[in-house]
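Undergrad: My structure file model28.cif, mmCIF, C-alpha atoms, is below:
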data_query
#
loop_
_atom_site.label_atom_id
_atom_site.label_comp_id
_atom_site.auth_asym_id
_atom_site.auth_seq_id
_atom_site.Cartn_x
_atom_site.Cartn_y
_atom_site.Cartn_z
CA MET A 16 -83.69 10.98 -12.05
CA LYS A 17 -80.50 12.82 -13.00
CA GLY A 18 -80.53 14.11 -16.57
CA THR A 19 -84.25 13.41 -17.24
CA GLN A 20 -84.29 16.09 -19.94
CA ILE A 21 -81.42 14.34 -21.71
CA PHE A 22 -83.40 11.09 -21.85
CA PHE A 23 -86.29 13.05 -23.35
CA TYR A 24 -83.96 14.74 -25.85
CA ILE A 25 -82.59 11.34 -26.94
CA PHE A 26 -86.16 10.09 -27.40
CA VAL A 27 -87.08 13.15 -29.50
CA MET A 28 -83.93 12.64 -31.59
CA TRP A 29 -84.93 9.01 -32.18
CA VAL A 30 -88.45 9.99 -33.30
CA LEU A 31 -87.01 12.63 -35.62
CA ILE A 32 -84.54 10.12 -37.11
CA ILE A 33 -87.41 7.75 -37.93
CA ALA A 34 -89.62 10.55 -39.29
CA GLY A 35 -86.67 11.99 -41.26
CA GLY A 36 -85.97 8.52 -42.65
CA GLY A 37 -89.55 8.35 -43.86
CA LEU A 38 -89.13 11.69 -45.62
CA VAL A 39 -85.85 10.59 -47.23
CA VAL A 40 -87.38 7.36 -48.51
CA SER A 41 -90.58 8.96 -49.75
CA ILE A 42 -88.82 11.88 -51.47
CA ILE A 43 -85.48 10.52 -52.66
CA ALA A 44 -86.52 6.98 -53.55
CA HIS A 45 -89.00 8.24 -56.12
CA ILE A 46 -86.61 10.57 -57.90
CA SER A 47 -85.34 9.25 -61.22
CA ILE A 48 -83.80 11.72 -63.61
CA GLN A 49 -83.56 10.77 -67.28
CA GLY A 50 -82.91 12.49 -70.58
CA PHE A 51 -79.27 13.43 -70.07
CA GLY A 52 -77.81 10.26 -71.55
CA LYS A 53 -74.62 9.12 -69.77
CA LEU A 54 -75.02 11.93 -67.26
CA ASP A 55 -78.32 10.52 -65.92
CA ASN A 56 -76.71 8.74 -62.95
CA LEU A 57 -74.49 11.68 -62.05
CA ILE A 58 -77.27 14.29 -62.20
CA ASP A 59 -79.60 11.91 -60.34
CA SER A 60 -77.02 11.54 -57.54
CA ILE A 61 -76.31 15.28 -57.36
CA VAL A 62 -80.04 16.06 -57.04
CA LYS A 63 -80.49 13.34 -54.39
CA ALA A 64 -77.39 14.56 -52.51
CA GLY A 65 -78.73 18.13 -52.59
CA ILE A 66 -82.12 17.09 -51.22
CA ALA A 67 -80.48 14.89 -48.57
CA LEU A 68 -78.25 17.79 -47.49
CA ILE A 69 -81.24 20.15 -47.25
CA LEU A 70 -83.08 17.57 -45.12
CA VAL A 71 -80.03 17.15 -42.86
CA VAL A 72 -79.74 20.93 -42.41
CA ILE A 73 -83.47 21.13 -41.55
CA TRP A 74 -83.00 18.23 -39.10
CA ILE A 75 -80.06 20.00 -37.42
CA LEU A 76 -82.05 23.26 -37.16
CA ILE A 77 -85.02 21.44 -35.60
CA MET A 78 -82.72 19.63 -33.14
CA SER A 79 -81.08 22.92 -32.26
CA LYS A 80 -84.47 24.56 -31.56
CA ILE A 81 -85.60 21.58 -29.48
CA LYS A 82 -82.26 21.62 -27.61
CA ASN A 83 -82.80 25.29 -26.69
CA TRP A 84 -86.37 24.55 -25.64
CA ILE A 85 -85.56 21.50 -23.48
CA PHE A 86 -82.34 22.81 -21.96
CA HIS A 87 -83.18 26.53 -21.80
CA LYS A 88 -82.50 26.60 -18.06
CA GLN A 89 -79.29 24.60 -18.22
CA ILE A 90 -77.68 26.44 -21.14
CA SER A 91 -78.51 29.93 -19.92
CA TYR A 92 -75.32 30.01 -17.84
CA MET B 23 -75.13 -22.64 -36.52
CA LEU B 24 -73.16 -24.75 -34.01
CA ASP B 25 -69.95 -23.83 -35.85
CA ARG B 26 -70.83 -20.17 -35.54
CA THR B 27 -71.59 -20.51 -31.81
CA ILE B 28 -68.25 -22.19 -31.12
CA ILE B 29 -66.37 -19.58 -33.16
CA ALA B 30 -68.32 -16.80 -31.41
CA ILE B 31 -67.16 -18.13 -28.03
CA LEU B 32 -63.59 -18.55 -29.30
CA ILE B 33 -63.19 -15.07 -30.78
CA SER B 34 -64.93 -13.44 -27.81
CA ALA B 35 -62.52 -15.20 -25.44
CA VAL B 36 -59.49 -14.27 -27.57
CA ALA B 37 -60.58 -10.61 -27.78
CA PHE B 38 -61.18 -10.36 -24.03
CA VAL B 39 -58.12 -12.31 -22.86
CA THR B 40 -55.73 -10.52 -25.25
CA VAL B 41 -56.65 -7.06 -23.94
CA TYR B 42 -56.93 -8.28 -20.33
CA ALA B 43 -53.45 -9.87 -20.48
CA ILE B 44 -51.60 -7.26 -22.56
CA THR B 45 -52.84 -4.07 -20.91
CA PRO B 46 -50.92 -4.43 -17.57
CA SER B 47 -47.64 -4.84 -19.53
CA LEU B 48 -48.57 -1.87 -21.70
CA ILE B 49 -49.19 0.22 -18.56
CA THR B 50 -45.72 -0.75 -17.23
CA VAL B 51 -44.00 0.07 -20.55
CA LEU B 52 -45.80 3.41 -20.92
CA THR B 53 -45.05 4.38 -17.32
CA LYS B 54 -41.34 3.49 -17.73
CA ARG B 55 -41.19 5.61 -20.90
CA LYS B 56 -42.92 8.43 -19.04
CA MET B 57 -45.84 8.28 -21.45
CA VAL B 58 -48.25 9.44 -18.76
CA VAL B 59 -50.72 12.30 -18.49
CA LYS B 60 -52.30 14.05 -15.53
CA ASP B 61 -55.79 12.98 -14.48
CA TYR B 62 -57.31 16.41 -13.89
CA ASN B 63 -60.33 15.08 -12.00
CA LYS B 64 -58.34 13.72 -9.06
CA GLU B 65 -57.71 15.67 -5.87
CA VAL B 66 -54.22 14.20 -5.45
CA ILE B 67 -51.88 14.60 -8.44
CA THR B 68 -52.33 11.36 -10.40
CA MET B 69 -50.46 10.41 -13.55
CA VAL B 70 -52.10 7.86 -15.84
CA ALA B 71 -50.50 5.83 -18.65
CA ARG B 72 -51.62 6.70 -22.19
CA PRO B 73 -52.36 5.50 -24.88
CA GLY B 74 -54.11 2.15 -24.50
CA GLY B 75 -54.77 1.90 -28.24
CA PRO B 76 -52.10 -0.77 -28.90
CA SER B 77 -53.73 -3.33 -26.59
CA ILE B 78 -57.19 -2.54 -27.99
CA LEU B 79 -55.96 -3.05 -31.56
CA ALA B 80 -54.13 -6.25 -30.56
CA GLY B 81 -57.36 -7.69 -29.16
CA ILE B 82 -59.35 -6.72 -32.24
CA LEU B 83 -56.81 -8.06 -34.75
CA ALA B 84 -56.16 -11.32 -32.85
CA SER B 85 -59.87 -12.18 -32.75
CA GLU B 86 -60.77 -10.92 -36.24
CA LEU B 87 -57.85 -12.84 -37.78
CA ILE B 88 -59.15 -16.04 -36.19
CA LEU B 89 -62.61 -15.27 -37.55
CA TYR B 90 -61.08 -14.57 -40.97
CA ALA B 91 -59.28 -17.92 -40.86
CA PHE B 92 -62.64 -19.68 -40.40
CA PHE B 93 -64.78 -17.43 -42.59
CA PRO B 94 -62.59 -15.57 -45.10
CA SER B 95 -64.54 -12.57 -46.39
CA THR B 96 -63.77 -9.13 -47.75
CA ASP B 97 -66.12 -7.70 -45.10
CA ILE B 98 -63.87 -8.84 -42.23
CA LEU B 99 -60.77 -7.73 -44.16
CA ALA B 100 -62.29 -4.27 -44.70
CA ILE B 101 -63.15 -3.99 -40.99
CA MET B 102 -59.61 -4.96 -39.95
CA ILE B 103 -57.82 -2.63 -42.39
CA THR B 104 -60.06 0.37 -41.68
CA THR B 105 -59.71 -0.15 -37.92
CA SER B 106 -55.92 -0.47 -38.19
CA LEU B 107 -55.63 2.68 -40.30
CA ALA B 108 -57.77 4.61 -37.79
CA PHE B 109 -55.48 3.32 -35.04
CA LEU B 110 -52.44 4.70 -36.91
CA VAL B 111 -54.13 8.11 -37.23
CA GLY B 112 -54.92 8.09 -33.51
CA PHE B 113 -51.46 6.87 -32.56
CA ALA B 114 -49.86 9.65 -34.61
CA ASP B 115 -52.11 12.11 -32.77
CA ASP B 116 -51.11 10.61 -29.41
CA ARG B 117 -47.42 11.08 -30.22
CA LYS B 118 -47.64 14.44 -31.97
CA VAL B 119 -50.72 16.67 -31.83
CA LEU B 120 -52.32 16.83 -35.28
CA GLY B 121 -54.23 19.83 -36.64
CA GLY B 122 -58.01 20.16 -36.21
CA TRP B 123 -58.82 19.24 -39.84
CA PHE B 124 -56.01 16.73 -40.45
CA LYS B 125 -57.52 14.04 -38.24
CA PRO B 126 -61.01 13.94 -39.87
CA LEU B 127 -59.40 13.88 -43.33
CA ALA B 128 -56.99 11.10 -42.39
CA LEU B 129 -59.88 9.15 -40.86
CA ALA B 130 -61.90 9.66 -44.05
CA ALA B 131 -58.98 8.08 -45.93
CA SER B 132 -59.13 5.15 -43.47
CA ALA B 133 -62.56 4.35 -44.88
CA LEU B 134 -61.20 3.77 -48.40
CA PRO B 135 -60.56 0.01 -47.90
CA ILE B 136 -64.32 -0.47 -47.43
CA ILE B 137 -64.90 1.15 -50.84
CA LEU B 138 -61.96 -0.50 -52.59
CA LEU B 139 -62.91 -3.97 -51.31
CA GLY B 140 -66.57 -3.36 -52.18
CA ALA B 141 -67.65 -4.27 -48.64
CA TYR B 142 -70.85 -2.23 -48.69
CA HIS B 143 -74.40 -2.17 -50.06
CA PRO B 144 -75.33 1.22 -51.54
CA HIS B 145 -78.73 1.19 -49.80
CA LEU B 146 -79.65 3.16 -46.72
CA ALA B 147 -82.24 1.22 -44.70
CA PHE B 148 -84.78 3.07 -42.55
CA PRO B 149 -87.27 1.59 -40.07
CA LEU B 150 -90.92 1.41 -41.22
CA PHE B 151 -90.28 3.06 -44.60
CA GLY B 152 -87.85 0.69 -46.33
CA SER B 153 -84.55 1.48 -47.98
CA VAL B 154 -83.32 3.94 -50.55
CA LYS B 155 -80.69 3.16 -53.19
CA ILE B 156 -78.05 5.89 -53.35
CA PRO B 157 -75.05 4.43 -55.27
CA GLU B 158 -72.81 7.50 -55.64
CA LEU B 159 -74.09 9.28 -52.55
CA TYR B 160 -73.36 6.23 -50.43
CA LEU B 161 -69.62 6.47 -51.21
CA GLY B 162 -69.65 9.95 -49.67
CA LEU B 163 -71.53 8.55 -46.69
CA ILE B 164 -68.83 5.90 -46.11
CA VAL B 165 -66.01 8.45 -45.94
CA PHE B 166 -68.25 10.56 -43.68
CA ILE B 167 -69.25 7.81 -41.23
CA ILE B 168 -65.75 6.65 -40.18
CA PRO B 169 -64.42 10.09 -39.07
CA VAL B 170 -67.74 10.98 -37.45
CA MET B 171 -67.99 7.73 -35.44
CA GLY B 172 -64.28 7.90 -34.52
CA ASN B 173 -64.44 11.48 -33.32
CA THR B 174 -67.78 10.92 -31.58
CA ILE B 175 -66.24 8.21 -29.37
CA ASN B 176 -63.12 10.32 -28.92
CA SER B 177 -65.21 13.28 -27.76
CA ILE B 178 -66.95 11.26 -25.04
CA ASP B 179 -63.60 10.07 -23.62
CA VAL B 180 -63.68 12.73 -20.92
CA LEU B 181 -63.99 10.81 -17.65
CA ASN B 182 -62.52 7.62 -16.23
CA GLY B 183 -64.05 4.55 -17.89
CA VAL B 184 -66.67 6.41 -19.92
CA ALA B 185 -65.41 5.73 -23.47
CA SER B 186 -64.77 2.01 -22.91
CA GLY B 187 -67.93 1.47 -20.82
CA PHE B 188 -70.07 3.37 -23.33
CA MET B 189 -68.54 1.41 -26.21
CA THR B 190 -69.20 -1.89 -24.43
CA ILE B 191 -72.92 -1.06 -24.18
CA ALA B 192 -73.21 0.32 -27.74
CA SER B 193 -71.32 -2.51 -29.42
CA PHE B 194 -73.21 -5.30 -27.63
CA ALA B 195 -76.44 -3.52 -28.60
CA LEU B 196 -75.21 -3.47 -32.21
CA THR B 197 -74.49 -7.22 -32.05
CA ILE B 198 -78.03 -7.88 -30.76
CA CYS B 199 -79.48 -5.72 -33.56
CA LEU B 200 -77.46 -7.60 -36.19
CA VAL B 201 -78.76 -10.91 -34.81
CA ILE B 202 -82.35 -9.60 -34.89
CA LEU B 203 -81.81 -8.67 -38.57
CA HIS B 204 -80.38 -12.18 -39.26
CA ASN B 205 -77.01 -10.73 -40.27
CA TYR B 206 -75.12 -13.42 -38.36
CA ASP B 207 -71.74 -13.05 -40.11
CA ILE B 208 -71.34 -9.39 -39.18
CA ALA B 209 -72.86 -10.04 -35.73
CA LEU B 210 -69.98 -12.47 -35.26
CA ALA B 211 -67.47 -9.87 -36.51
CA SER B 212 -68.91 -7.30 -34.08
CA LEU B 213 -68.45 -9.48 -30.96
CA PRO B 214 -64.71 -8.68 -30.52
CA LEU B 215 -65.51 -4.94 -30.28
CA GLY B 216 -67.75 -5.48 -27.23
CA PHE B 217 -65.34 -7.85 -25.51
CA VAL B 218 -62.27 -5.71 -26.22
CA SER B 219 -64.09 -2.67 -24.77
CA LEU B 220 -65.20 -4.69 -21.74
CA ALA B 221 -61.66 -5.98 -21.02
CA PHE B 222 -60.21 -2.50 -21.43
CA TYR B 223 -62.89 -1.09 -19.09
CA LYS B 224 -61.35 -3.21 -16.31
CA TYR B 225 -58.27 -0.91 -16.40
CA HIS B 226 -59.99 2.25 -17.60
CA LYS B 227 -62.75 2.39 -14.98
CA ILE B 228 -62.42 4.79 -12.08
CA PRO B 229 -59.64 5.15 -10.87
CA SER B 230 -58.10 4.74 -14.33
CA LYS B 231 -54.79 2.94 -14.66
CA ILE B 232 -54.66 3.70 -18.38
CA PHE B 233 -56.39 6.05 -20.83
CA PRO B 234 -57.29 4.83 -24.34
CA GLY B 235 -55.92 8.01 -25.91
CA ASP B 236 -56.81 9.00 -29.45
CA SER B 237 -55.46 5.70 -30.76
CA GLY B 238 -57.82 3.72 -28.52
CA ALA B 239 -60.91 5.91 -28.97
CA LEU B 240 -60.51 6.23 -32.75
CA THR B 241 -59.89 2.48 -33.08
CA LEU B 242 -63.11 1.71 -31.22
CA GLY B 243 -65.12 4.36 -33.08
CA ALA B 244 -63.78 3.45 -36.53
CA MET B 245 -64.45 -0.25 -36.01
CA TYR B 246 -67.98 0.57 -34.87
CA GLY B 247 -68.46 2.72 -37.99
CA ALA B 248 -67.01 0.03 -40.27
CA LEU B 249 -69.36 -2.57 -38.73
CA SER B 250 -72.34 -0.27 -39.29
CA ILE B 251 -71.48 0.09 -43.00
CA VAL B 252 -70.52 -3.53 -43.69
CA GLY B 253 -73.46 -4.79 -41.61
CA HIS B 254 -75.87 -2.41 -43.36
CA VAL B 255 -77.10 -0.98 -40.02
CA GLU B 256 -75.97 2.65 -40.29
CA ILE B 257 -79.13 4.21 -38.78
CA ILE B 258 -79.37 1.65 -35.95
CA ALA B 259 -75.68 2.16 -35.11
CA ALA B 260 -76.19 5.93 -34.96
CA ILE B 261 -79.18 5.49 -32.61
CA ALA B 262 -77.15 3.32 -30.19
CA LEU B 263 -74.58 6.13 -30.14
CA LEU B 264 -77.06 8.98 -29.51
CA PRO B 265 -75.66 10.22 -26.14
CA ALA B 266 -72.23 10.62 -27.75
CA VAL B 267 -73.84 12.19 -30.84
CA ILE B 268 -75.60 14.68 -28.56
CA ASN B 269 -72.29 15.47 -26.88
CA SER B 270 -70.67 16.28 -30.25
CA PHE B 271 -73.78 18.17 -31.40
CA LEU B 272 -73.91 20.33 -28.25
CA PHE B 273 -70.17 20.97 -28.45
CA LEU B 274 -70.18 21.94 -32.14
CA SER B 275 -73.32 24.08 -31.84
CA SER B 276 -71.77 26.02 -28.96
CA VAL B 277 -68.22 26.50 -30.35
CA LYS B 278 -69.54 26.72 -33.97
CA ARG B 279 -66.39 25.24 -35.58
CA ILE B 280 -64.33 22.06 -35.64
CA ILE B 281 -61.68 22.26 -32.92
CA GLU B 282 -59.87 19.83 -30.67
CA HIS B 283 -60.98 19.57 -27.03
CA ARG B 284 -57.46 20.59 -26.00
CA GLN B 285 -57.99 23.93 -27.79
CA ILE B 286 -60.90 24.93 -25.56
CA LYS B 287 -60.05 28.02 -23.55
CA ALA B 288 -62.79 27.78 -20.90
CA ASN B 289 -63.39 24.38 -19.31
CA PRO B 290 -67.08 23.31 -19.33
CA VAL B 291 -66.62 21.57 -15.97
CA VAL B 292 -64.97 22.86 -12.80
CA HIS B 293 -64.36 21.33 -9.36
CA THR B 294 -66.00 22.03 -6.02
CA GLU B 295 -63.94 22.26 -2.82
CA ASP B 296 -64.55 18.55 -2.13
CA PHE B 297 -63.49 17.84 -5.75
CA LYS B 298 -66.90 16.98 -7.12
CA LEU B 299 -67.57 17.97 -10.71
CA MET B 300 -69.66 21.10 -11.22
CA ALA B 301 -70.99 22.81 -14.38
CA SER B 302 -68.98 25.90 -15.25
CA THR B 303 -70.83 29.22 -15.16
CA ASP B 304 -68.40 30.67 -17.71
CA LYS B 305 -70.49 31.75 -20.72
CA SER B 306 -67.60 31.14 -23.11
CA ALA B 307 -67.28 27.48 -22.06
CA PRO B 308 -68.77 24.99 -24.53
CA VAL B 309 -71.97 23.10 -23.72
CA THR B 310 -71.25 19.38 -23.38
CA LEU B 311 -73.15 16.30 -22.23
CA VAL B 312 -71.29 16.27 -18.90
CA ARG B 313 -72.05 19.97 -18.35
CA LEU B 314 -75.76 19.29 -18.93
CA ILE B 315 -75.72 16.32 -16.53
CA LEU B 316 -74.13 18.57 -13.92
CA ALA B 317 -76.65 21.38 -14.48
CA ASN B 318 -78.78 20.15 -11.56
CA GLY B 319 -75.87 20.20 -9.12
CA PRO B 320 -72.37 18.82 -8.48
CA LEU B 321 -71.73 15.08 -8.77
CA THR B 322 -68.73 12.83 -8.33
CA GLU B 323 -66.91 11.59 -11.43
CA LYS B 324 -68.28 8.09 -10.80
CA GLN B 325 -71.89 9.38 -10.57
CA VAL B 326 -71.56 11.28 -13.87
CA GLY B 327 -70.15 8.14 -15.49
CA PHE B 328 -73.15 6.12 -14.35
CA VAL B 329 -75.61 8.70 -15.72
CA ILE B 330 -73.83 8.42 -19.10
CA PHE B 331 -74.08 4.61 -18.91
CA LYS B 332 -77.83 4.87 -18.19
CA LEU B 333 -78.20 7.12 -21.24
CA ALA B 334 -76.21 4.56 -23.27
CA LEU B 335 -78.51 1.76 -22.09
CA PHE B 336 -81.57 3.84 -23.03
CA SER B 337 -80.16 4.45 -26.52
CA ALA B 338 -79.22 0.77 -26.83
CA ALA B 339 -82.86 -0.14 -26.06
CA LEU B 340 -84.07 2.34 -28.73
CA ALA B 341 -81.62 0.80 -31.22
CA ILE B 342 -82.95 -2.69 -30.49
CA ILE B 343 -86.56 -1.48 -30.87
CA THR B 344 -85.53 0.15 -34.18
CA SER B 345 -84.08 -3.13 -35.47
CA PHE B 346 -87.44 -4.82 -34.82
CA MET B 347 -89.12 -1.94 -36.68
CA MET B 348 -86.90 -2.65 -39.71
CA GLU B 349 -89.05 -5.70 -40.41
CA ILE B 350 -92.28 -3.64 -40.40
CA ARG B 351 -93.47 -1.62 -43.42
CA ILE B 352 -96.15 1.08 -43.38
#
Take the structure I supplied and represent it as structure tokens, if you would.
TA:
Amino acid sequence: MKGTQIFFYIFVMWVLIIAGGGLVVSIIAHISIQGFGKLDNLIDSIVKAGIALILVVIWILIMSKIKNWIFHKQISY
Amino acid sequence: MLDRTIIAILISAVAFVTVYAITPSLITVLTKRKMVVKDYNKEVITMVARPGGPSILAGILASELILYAFFPSTDILAIMITTSLAFLVGFADDRKVLGGWFKPLALAASALPIILLGAYHPHLAFPLFGSVKIPELYLGLIVFIIPVMGNTINSIDVLNGVASGFMTIASFALTICLVILHNYDIALASLPLGFVSLAFYKYHKIPSKIFPGDSGALTLGAMYGALSIVGHVEIIAAIALLPAVINSFLFLSSVKRIIEHRQIKANPVVHTEDFKLMASTDKSAPVTLVRLILANGPLTEKQVGFVIFKLALFSAALAIITSFMMEIRI
């Protein structure tokens, strides 16, 4: 079938989204920062945003590596 | 439930018929005003009317206003305003080319009605693992989703019929997912998107009589994004859009900056002598979904379109599986 590797890449992306979601829920959901008074919510959000961004960057790096591995023939023009 | 079924049929019919009836007149008006562009994938010089955004927006607004008359809700209002604002951004880009960064920022501003009307739940729901509450972070996510979804659909609008056909598959998949998750109100609100895309596909399919332009593609993408936020199905919506996401991902990771497609110096796809599409061997050309599809050999424009539709169907199936997984907890 035309584009078989692309189907596989989509499937890998889907698995990584679900696994990444699990990581987000298990890490971020349990974070609760207290002790800063009115700033609790703000600091809590900044920390969660930072962790989420790190996870997204890791996800993009993994996808990039997998892309190179799956499509190494096609993208070596 | 019967009320909802009757209204579903009514708004679906209005969405489809509006676009189906208006688009031929729009093509005539655009052609008379010389608002036409060259179709570069045709052997004979072919000029195609652009943009088709006005008829797409007309179909969406006509059907959503009827739905709003029956079920007034801030969710539907937020969807309509966000979609209309995205249309204006796209229409401005169709008339006068906007800068690379202006469009994403203007689209981010289009998302503000969702925030101002409070048409969101600050939870991000994941399959199997549950949801996470991210009140402040979610606001950032809203202004991120609309430009990303809009530009993702815009970036896949590269061949005759692809953007509208792809959107038809993705939006009907989203409706099915919303029904599976018992979110019937937003499922109802999502129906016009599928039917508008389907009616527009009639004129956009190969050989195209009209192109959606930025106004059409951004309208479709922004409405899809707004539905995903209001319907609380952000992850599922992203999964149904994976082939287009891959296209944007491949493009950005090869050019390494945000630029418009029109700014690309080396075309990722070239033509054979018999005018089939062939992957470019130019190393400076960006990697795109179409270029990957063509890596195994030249194909006609129609064949490439069908491969993209198969990928869209595969992603739609994964999105539907994911919505079933939302009910399961490990």
Undergrad: Do you have the atom CA of Ile21 of chain A-atom CA of Pro320 of chain B distance handy?
TA: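 Interatomic distance, atom CA of Ile21 of chain A to atom CA of Pro320 of chain B: 16.6 Å.
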Undergrad: What lies within 10 Å of Ala133 of chain B using only C-alpha atoms, ignoring chain neighbours under 3 positions off, as number ranges by chain?
TA: B: 100-101, 103-105, 107-108, 128-130, 136-138, 161, 164-169, 244, 247-248
Undergrad: Mind checking which residues fall within 10 Å of Ser212 of chain B, counting all atoms listed in the file, ignoring those fewer than 2 positions away in the same chain, and posting them as a list of chain:residue names?
TA: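 Selected residues are B:Ala30, B:Ser34, B:Ile82, B:Glu86, B:Ile98, B:Ile101, B:Ser193, B:Phe194, B:Leu196, B:Thr197, B:Ile198, B:Leu200, B:Tyr206, B:Asp207, B:Ile208, B:Ala209, B:Leu210, B:Pro214, B:Leu215, B:Gly216, B:Phe217, B:Met245, B:Tyr246, B:Ala248, B:Leu249, B:Ser250, B:Gly253.
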Undergrad: Name the residues that the PyMOL selection byres ((chain B) within 9 of (chain A)) pulls out of this structure, and write them as an MDAnalysis selection string.
TA: chainID B and resid 146:159 257 261 264:265 268 271:272 275 302:305 309 311 313:318 329 333 336:337 340:341 344
Undergrad: Could you write out as a count of residues only the residues that the PyMOL selection byres ((chain B and resi 321) around 6) matches in the shown file?
TA: 5
Undergrad: Interatomic distance between atom CA of Ser345 of chain B and atom CA of Leu203 of chain B?
TA: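 Atom CA of Leu203 of chain B lies at a distance of 6.7 Å from atom CA of Ser345 of chain B.
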Undergrad: Which residue out of B:Phe124, B:Tyr142, B:Pro135, B:Glu323 has the minimum interatomic distance to His293 of chain B when all atoms listed in the file are used?
TA: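 Closest residue, counting all atoms listed in the file: B:Glu323.
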Undergrad: Measuring atom to atom with all atoms listed in the file, identify which of B:Met189, B:Met300, B:Ala338, B:Ile350 is nearest to Val218 of chain B.
TA: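 When distances to Val218 of chain B are compared using all atoms listed in the file, the smallest one comes from B:Met189.
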Undergrad: Given the block above, output segment 70-75 of chain A with all heavy atoms as a PDB file, in the first residue's frame.
TA:
ATOM      1  N   LEU A  70       7.772  18.293  28.745  1.00  0.00           N
ATOM      2  CA  LEU A  70       7.231  17.040  28.193  1.00  0.00           C
ATOM      3  C   LEU A  70       6.942  17.166  26.694  1.00  0.00           C
ATOM      4  O   LEU A  70       7.192  16.240  25.921  1.00  0.00           O
ATOM      5  CB  LEU A  70       5.949  16.644  28.943  1.00  0.00           C
ATOM      6  CG  LEU A  70       6.136  16.125  30.366  1.00  0.00           C
ATOM      7  CD1 LEU A  70       4.788  15.914  31.051  1.00  0.00           C
ATOM      8  CD2 LEU A  70       6.919  14.816  30.380  1.00  0.00           C
ATOM      9  N   VAL A  71       6.428  18.348  26.291  1.00  0.00           N
ATOM     10  CA  VAL A  71       6.134  18.564  24.864  1.00  0.00           C
ATOM     11  C   VAL A  71       7.436  18.548  24.049  1.00  0.00           C
ATOM     12  O   VAL A  71       7.506  17.939  22.977  1.00  0.00           O
ATOM     13  CB  VAL A  71       5.358  19.896  24.649  1.00  0.00           C
ATOM     14  CG1 VAL A  71       5.309  20.271  23.172  1.00  0.00           C
ATOM     15  CG2 VAL A  71       3.944  19.779  25.196  1.00  0.00           C
ATOM     16  N   VAL A  72       8.475  19.215  24.593  1.00  0.00           N
ATOM     17  CA  VAL A  72       9.771  19.245  23.889  1.00  0.00           C
ATOM     18  C   VAL A  72      10.324  17.825  23.747  1.00  0.00           C
ATOM     19  O   VAL A  72      10.791  17.425  22.664  1.00  0.00           O
ATOM     20  CB  VAL A  72      10.769  20.175  24.627  1.00  0.00           C
ATOM     21  CG1 VAL A  72      12.177  20.023  24.061  1.00  0.00           C
ATOM     22  CG2 VAL A  72      10.320  21.630  24.514  1.00  0.00           C
ATOM     23  N   ILE A  73      10.231  17.044  24.835  1.00  0.00           N
ATOM     24  CA  ILE A  73      10.703  15.645  24.788  1.00  0.00           C
ATOM     25  C   ILE A  73       9.916  14.867  23.730  1.00  0.00           C
ATOM     26  O   ILE A  73      10.472  14.109  22.935  1.00  0.00           O
ATOM     27  CB  ILE A  73      10.582  14.974  26.183  1.00  0.00           C
ATOM     28  CG1 ILE A  73      11.564  15.635  27.164  1.00  0.00           C
ATOM     29  CG2 ILE A  73      10.840  13.469  26.105  1.00  0.00           C
ATOM     30  CD1 ILE A  73      11.363  15.221  28.608  1.00  0.00           C
ATOM     31  N   TRP A  74       8.580  15.096  23.718  1.00  0.00           N
ATOM     32  CA  TRP A  74       7.700  14.416  22.750  1.00  0.00           C
ATOM     33  C   TRP A  74       8.115  14.758  21.317  1.00  0.00           C
ATOM     34  O   TRP A  74       8.200  13.876  20.459  1.00  0.00           O
ATOM     35  CB  TRP A  74       6.250  14.837  23.017  1.00  0.00           C
ATOM     36  CG  TRP A  74       5.224  14.048  22.279  1.00  0.00           C
ATOM     37  CD1 TRP A  74       4.695  12.849  22.649  1.00  0.00           C
ATOM     38  CD2 TRP A  74       4.593  14.390  21.042  1.00  0.00           C
ATOM     39  NE1 TRP A  74       3.778  12.439  21.714  1.00  0.00           N
ATOM     40  CE2 TRP A  74       3.688  13.359  20.721  1.00  0.00           C
ATOM     41  CE3 TRP A  74       4.693  15.480  20.171  1.00  0.00           C
ATOM     42  CZ2 TRP A  74       2.908  13.374  19.575  1.00  0.00           C
ATOM     43  CZ3 TRP A  74       3.913  15.496  19.029  1.00  0.00           C
ATOM     44  CH2 TRP A  74       3.024  14.444  18.750  1.00  0.00           C
ATOM     45  N   ILE A  75       8.385  16.058  21.085  1.00  0.00           N
ATOM     46  CA  ILE A  75       8.787  16.485  19.729  1.00  0.00           C
ATOM     47  C   ILE A  75      10.125  15.846  19.338  1.00  0.00           C
ATOM     48  O   ILE A  75      10.292  15.368  18.208  1.00  0.00           O
ATOM     49  CB  ILE A  75       8.859  18.032  19.639  1.00  0.00           C
ATOM     50  CG1 ILE A  75       7.441  18.612  19.695  1.00  0.00           C
ATOM     51  CG2 ILE A  75       9.563  18.489  18.354  1.00  0.00           C
ATOM     52  CD1 ILE A  75       7.378  20.123  19.825  1.00  0.00           C
TER      53      ILE A  75
END
